[in-house]
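Worksheet for the structure shown next.
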Amino acid sequence: GSAGRNIAATTALRARDLAGPKVVFQALTYPGLDANLASDSAREFTATPVLNRAAMEIGWTYYAPETPSTPYASPLHADDFAGLPPAYVAVAEVDPLRDEGRAYAERLSAAGVTTELVQVPGAVHGYDLLFPQAKVSERSLADQVRALRDALHA
């Protein structure tokens, strides 16, 4: 999730820009996609469990200290989303990264990329790792597996 899904999104972007390798699907669970931390959810959920604003600020200083706002670090800064692979984007309702995932899904859809956006109700960042047996986590995992299976069998 989050940082790893950032790497997945940036890899898809870079593969498209370099004409390969072909990426067939983006499976993004509560992805962190914008170093600016300027979304409504990033401003609203500053003291949430698991992931909070201070942790995100520290993470970005280590992840991309000199180029945090370039598209290959912050995929939301890309000018063009056309030609990216289809995506399944799951966001947690009570997560500072929620709106980044939503915005990414909206930009993909606007560019004609097949995109499924799911908001997990009442969930915090990392819900599926913290409470894997919770119904919401089980349902989310089943949705992710279904989306991946559909993408690979298309």
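To be explicit about the labels: the chains of the structure tokens are called A, B, and onward in the order shown, and within each one the residues are counted from 1, while ligands get numbers from 1 in the order they are shown.
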
Select from range 10-112 of chain A everything DSSP, run on the backbone, classes as helix (DSSP H, G or I), then give the selection as a ChimeraX atom specification.
/A:10-17,40-44,53-63,75-77,98-110

Residue contacts of range 111-120 of chain A (10 Å, only C-alpha atoms) excluding same-chain residues fewer than 2 positions away, as a VMD selection string
chain A and resid 25 to 30 80 to 94 98 101 to 102 104 to 109 122 to 124 127 136 to 137 139 to 140 143 to 144 147

Would you return as a VMD selection string the members of chain A that DSSP assigns to strand (DSSP E or B) on this structure's backbone?
chain A and resid 2 26 to 29 31 87 to 94 115 to 124

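Restricting the calculation to only C-alpha atoms, the smallest distance between Ala151 in chain A and any of A:Ala35, A:Val24, A:His125, A:Pro71 is found for A:Val24.
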
Surrounding residues of range 3-10 of chain A excluding itself and chain neighbours under 5 positions, 6 Å, only C-alpha atoms, as a ChimeraX atom specification:
/A:28,31-33,72,75

Keeping N, CA and C atoms for every residue in the selection just given, could you write it to a file as a PDB file, in the first residue's frame?
```pdb
ATOM      1  N   LEU A  28      -3.810  -0.307  -6.992  1.00  0.00           N
ATOM      2  CA  LEU A  28      -3.347   0.721  -6.073  1.00  0.00           C
ATOM      3  C   LEU A  28      -4.246   0.799  -4.841  1.00  0.00           C
ATOM      4  N   PRO A  31      -2.935   4.719  -2.250  1.00  0.00           N
ATOM      5  CA  PRO A  31      -1.644   5.193  -2.745  1.00  0.00           C
ATOM      6  C   PRO A  31      -1.309   6.622  -2.313  1.00  0.00           C
ATOM      7  N   GLY A  32      -0.037   6.864  -2.080  1.00  0.00           N
ATOM      8  CA  GLY A  32       0.488   8.207  -1.849  1.00  0.00           C
ATOM      9  C   GLY A  32       1.019   8.720  -3.170  1.00  0.00           C
ATOM     10  N   LEU A  33       0.426   9.780  -3.704  1.00  0.00           N
ATOM     11  CA  LEU A  33       0.724  10.179  -5.080  1.00  0.00           C
ATOM     12  C   LEU A  33       1.104  11.635  -5.266  1.00  0.00           C
ATOM     13  N   TYR A  72       7.575  11.582 -11.746  1.00  0.00           N
ATOM     14  CA  TYR A  72       8.124  10.272 -11.410  1.00  0.00           C
ATOM     15  C   TYR A  72       8.305  10.082  -9.903  1.00  0.00           C
ATOM     16  N   PRO A  75       3.054  11.115  -9.016  1.00  0.00           N
ATOM     17  CA  PRO A  75       2.340  10.872 -10.273  1.00  0.00           C
ATOM     18  C   PRO A  75       1.186  11.824 -10.568  1.00  0.00           C
TER      19      PRO A  75
END
```

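Separating CA of Pro96 in chain A from CA of Val145 in chain A is a distance of 24.5 Å.
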
Hey, can you check how far CA of Ala78 in chain A sits from CA of Asp34 in chain A?
10.4 Å
